[in-house]
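These notes concern the structure reproduced below.
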Amino acid sequence: MNEAAANISWLPFDPRDWEQLTPAFGRLRSMVGAHGPKLIANNRAAAFFDRCVHEGLLELALVAPDLTYRRFDAAERQKLTIRVPLNYEEGCSIEPYHEGRWYVRRSDLEKLTAIPVTPVARAEAELVPARIPPAEPASVPPAESPRVEPGRDVDAADAPVQGTQVKPGGPQLPSAAPERTIAAGIRPGP
């Protein structure tokens with residue numbers, strides 16, 4: 001269907017082109033006032049929603065109980081205001097009251113809630129996988145490791161661990177070495 005045919009008001013209401021008012025407000029709120037107290041976030045999002053409706057950036061449609069629908073011209077849009085409870089998921093409404101359900105054109109909503117991508121950012125994003133980190137030159141000498149005494153682990157504590165060699169004259173820890181058991185008078189079995 002071409003654009004000229006889509007603007008004809010006698011075409012039947014297609015729900016795929018529209019989103020109900022409360023979920024539409026929720027999408028807009030997630031972009032405008034996602035953080036902070038609910039009251040402040042809702043007020044900011046409602047003010048933005050009203051401004052978009054008044055300026056024609058968001059198109060509203062009212063589907064009456066008899067399944068007829070109505071779209072609003074510029075003068076009528078100026079009179080419409082959204083009302084939002086503290087928990088917007090309970091249901092938003094439009095004042096002045098009209099019998100029926102309110103819908104927002106999905107394409108208008110997607111334009112407002114889409115995260116814009118600039119051509120420069122898009123080009124950089126395409127180049128990121130192609131970038132290869134520069135190879136380290138082979139002439140770079142290896143980093144010096146700290147001096148460690150022979151027989152000691154690099155991360156070892158200053159106290160000797162059982163079964164390790166210690167400096168002569170230093171503190172001695174008990175060991176299960178055979179020489180010491182023989183010296184103590186305990187002989188290994190046959």
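By order in the structure tokens, chains are A, B, ...; within a chain, residues start at 1; ligands start at 1, following the order shown.
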Using only C-alpha atoms, which residues sit within 9 Å of Asp17 (chain A) once same-chain residues fewer than 6 positions away are excluded, as a PyMOL selection string? chain A and resi 104-107
Please dump the current selection as a PDB file, in the first residue's frame; keep C-alpha atoms.
ATOM      1  CA  VAL A 104      -1.093   5.839  19.283  1.00  0.00           C
ATOM      2  CA  ARG A 105       0.299   5.333  15.783  1.00  0.00           C
ATOM      3  CA  ARG A 106       3.123   2.812  16.124  1.00  0.00           C
ATOM      4  CA  SER A 107       5.396   4.363  13.478  1.00  0.00           C
TER       5      SER A 107
END
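By chain and then residue number, the residues within 9 Å of Gly91 (chain A) are Leu21, Thr22, Pro23, Val84, Pro85 and Asn87 of chain A, counting only C-alpha atoms and disregarding those fewer than 4 positions away in sequence.
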Restricting to only C-alpha atoms, whichever of A:Ala61, A:Leu80, A:Ala114, A:Cys92 is closest to Glu19 (chain A) is A:Ala61
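Distance-wise, CA of Asp108 (chain A) and CA of Val53 (chain A) end up 10.2 Å apart.
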May I have a table of the residues of region 60-99 of chain A lying at most 12 Å from region 29-51 of chain A, giving each one's closest pair of atoms and their distance in Å to one decimal, counting only C-alpha atoms, ordered by chain and ascending residue number, as a tab-separated table?
residue	atom	partner	partner_atom	distance
A:Leu60	CA	A:Asp50	CA	10.9
A:Arg77	CA	A:Asp50	CA	9.1
A:Gln78	CA	A:Asp50	CA	8.7
A:Lys79	CA	A:Asp50	CA	9.8
A:Leu80	CA	A:Asp50	CA	7.6
A:Thr81	CA	A:Asp50	CA	5.9
A:Ile82	CA	A:Ala46	CA	6.4
A:Arg83	CA	A:Ala46	CA	7.5
A:Val84	CA	A:Asn42	CA	7.0
A:Pro85	CA	A:Asn42	CA	8.2
A:Leu86	CA	A:Leu39	CA	5.9
A:Asn87	CA	A:Lys38	CA	7.4
A:Tyr88	CA	A:Asn42	CA	7.6
A:Glu89	CA	A:Asn42	CA	11.1
A:Cys92	CA	A:Ala46	CA	9.9
A:Ser93	CA	A:Ala46	CA	11.0
A:Ile94	CA	A:Asp50	CA	9.9
A:Glu95	CA	A:Asp50	CA	10.9
Using the chain letters and numbers from this document, which residues of region 71-123 of chain A does DSSP assign to alpha helix (DSSP H), as a PyMOL selection string? chain A and resi 74-77+106-113+119-123
Let's have the selection written as a short mmCIF file (atom, residue, chain, number, x, y, z; two decimals), in the first residue's frame, with all heavy atoms.
data_model
loop_
_atom_site.label_atom_id
_atom_site.label_comp_id
_atom_site.auth_asym_id
_atom_site.auth_seq_id
_atom_site.Cartn_x
_atom_site.Cartn_y
_atom_site.Cartn_z
N ALA A 74 -5.52 19.18 13.78
CA ALA A 74 -4.60 20.00 14.59
C ALA A 74 -5.33 20.78 15.69
O ALA A 74 -4.85 20.86 16.82
CB ALA A 74 -3.83 20.95 13.69
N ALA A 75 -6.51 21.35 15.39
CA ALA A 75 -7.24 22.13 16.39
C ALA A 75 -7.75 21.24 17.52
O ALA A 75 -7.71 21.62 18.69
CB ALA A 75 -8.40 22.87 15.72
N GLU A 76 -8.23 20.05 17.18
CA GLU A 76 -8.72 19.12 18.20
C GLU A 76 -7.58 18.56 19.05
O GLU A 76 -7.74 18.34 20.25
CB GLU A 76 -9.49 17.98 17.55
CG GLU A 76 -10.81 18.39 16.93
CD GLU A 76 -11.47 17.25 16.20
OE1 GLU A 76 -10.77 16.53 15.47
OE2 GLU A 76 -12.68 17.08 16.38
N ARG A 77 -6.42 18.32 18.43
CA ARG A 77 -5.27 17.79 19.18
C ARG A 77 -4.82 18.73 20.28
O ARG A 77 -4.33 18.30 21.31
CB ARG A 77 -4.09 17.52 18.24
CG ARG A 77 -4.23 16.27 17.42
CD ARG A 77 -2.91 15.87 16.80
NE ARG A 77 -2.20 16.96 16.16
CZ ARG A 77 -2.17 17.22 14.86
NH1 ARG A 77 -2.85 16.45 14.04
NH2 ARG A 77 -1.48 18.23 14.38
N ARG A 106 1.88 3.52 15.79
CA ARG A 106 3.12 2.81 16.12
C ARG A 106 4.35 3.42 15.43
O ARG A 106 5.41 3.56 16.04
CB ARG A 106 2.99 1.34 15.74
CG ARG A 106 4.11 0.46 16.21
CD ARG A 106 3.86 -1.00 15.85
NE ARG A 106 2.59 -1.52 16.30
CZ ARG A 106 2.38 -2.04 17.51
NH1 ARG A 106 3.35 -2.09 18.37
NH2 ARG A 106 1.19 -2.50 17.85
N SER A 107 4.24 3.81 14.20
CA SER A 107 5.40 4.36 13.48
C SER A 107 5.85 5.69 14.10
O SER A 107 7.05 5.96 14.18
CB SER A 107 5.09 4.54 12.00
OG SER A 107 4.01 5.45 11.83
N ASP A 108 4.88 6.52 14.55
CA ASP A 108 5.26 7.77 15.22
C ASP A 108 5.98 7.49 16.53
O ASP A 108 6.96 8.15 16.87
CB ASP A 108 4.02 8.64 15.49
CG ASP A 108 3.34 9.12 14.23
OD1 ASP A 108 3.98 9.07 13.15
OD2 ASP A 108 2.18 9.55 14.31
N LEU A 109 5.48 6.52 17.26
CA LEU A 109 6.07 6.16 18.55
C LEU A 109 7.49 5.61 18.36
O LEU A 109 8.40 5.95 19.12
CB LEU A 109 5.19 5.13 19.25
CG LEU A 109 5.56 4.76 20.67
CD1 LEU A 109 5.47 5.97 21.59
CD2 LEU A 109 4.66 3.66 21.17
N GLU A 110 7.68 4.81 17.34
CA GLU A 110 9.01 4.24 17.09
C GLU A 110 10.01 5.32 16.70
O GLU A 110 11.19 5.22 17.04
CB GLU A 110 8.92 3.15 16.03
CG GLU A 110 8.25 1.89 16.58
CD GLU A 110 7.99 0.84 15.53
OE1 GLU A 110 8.27 1.09 14.32
OE2 GLU A 110 7.50 -0.23 15.91
N LYS A 111 9.57 6.35 16.00
CA LYS A 111 10.47 7.46 15.67
C LYS A 111 10.94 8.17 16.93
O LYS A 111 12.09 8.58 17.02
CB LYS A 111 9.77 8.47 14.76
CG LYS A 111 9.54 7.98 13.36
CD LYS A 111 8.78 9.02 12.57
CE LYS A 111 8.27 8.46 11.27
NZ LYS A 111 7.39 9.43 10.58
N LEU A 112 10.05 8.32 17.91
CA LEU A 112 10.40 9.04 19.13
C LEU A 112 11.20 8.20 20.12
O LEU A 112 11.98 8.73 20.90
CB LEU A 112 9.13 9.54 19.82
CG LEU A 112 8.37 10.64 19.09
CD1 LEU A 112 7.06 10.92 19.78
CD2 LEU A 112 9.21 11.90 18.99
N THR A 113 11.01 6.88 20.10
CA THR A 113 11.68 6.04 21.09
C THR A 113 12.91 5.33 20.55
O THR A 113 13.60 4.65 21.29
CB THR A 113 10.72 4.99 21.67
OG1 THR A 113 10.21 4.19 20.60
CG2 THR A 113 9.59 5.64 22.43
N PRO A 119 25.80 8.74 11.47
CA PRO A 119 26.60 8.04 10.47
C PRO A 119 28.02 7.77 10.94
O PRO A 119 28.60 6.74 10.64
CB PRO A 119 26.59 8.99 9.27
CG PRO A 119 25.39 9.84 9.45
CD PRO A 119 25.19 9.94 10.94
N VAL A 120 28.61 8.69 11.72
CA VAL A 120 29.96 8.48 12.22
C VAL A 120 30.00 7.30 13.19
O VAL A 120 30.87 6.44 13.11
CB VAL A 120 30.49 9.77 12.91
CG1 VAL A 120 31.83 9.51 13.55
CG2 VAL A 120 30.56 10.89 11.90
N ALA A 121 29.03 7.24 14.10
CA ALA A 121 28.99 6.14 15.06
C ALA A 121 28.76 4.81 14.35
O ALA A 121 29.32 3.79 14.73
CB ALA A 121 27.90 6.38 16.10
N ARG A 122 27.92 4.81 13.31
CA ARG A 122 27.66 3.59 12.57
C ARG A 122 28.93 3.12 11.86
O ARG A 122 29.26 1.95 11.87
CB ARG A 122 26.55 3.82 11.54
CG ARG A 122 26.16 2.56 10.79
CD ARG A 122 25.03 2.76 9.81
NE ARG A 122 23.82 3.12 10.52
CZ ARG A 122 23.08 4.19 10.22
NH1 ARG A 122 23.43 4.99 9.26
NH2 ARG A 122 21.99 4.45 10.90
N ALA A 123 29.68 4.06 11.26
CA ALA A 123 30.92 3.70 10.57
C ALA A 123 31.95 3.16 11.55
O ALA A 123 32.64 2.18 11.26
CB ALA A 123 31.47 4.91 9.83
#
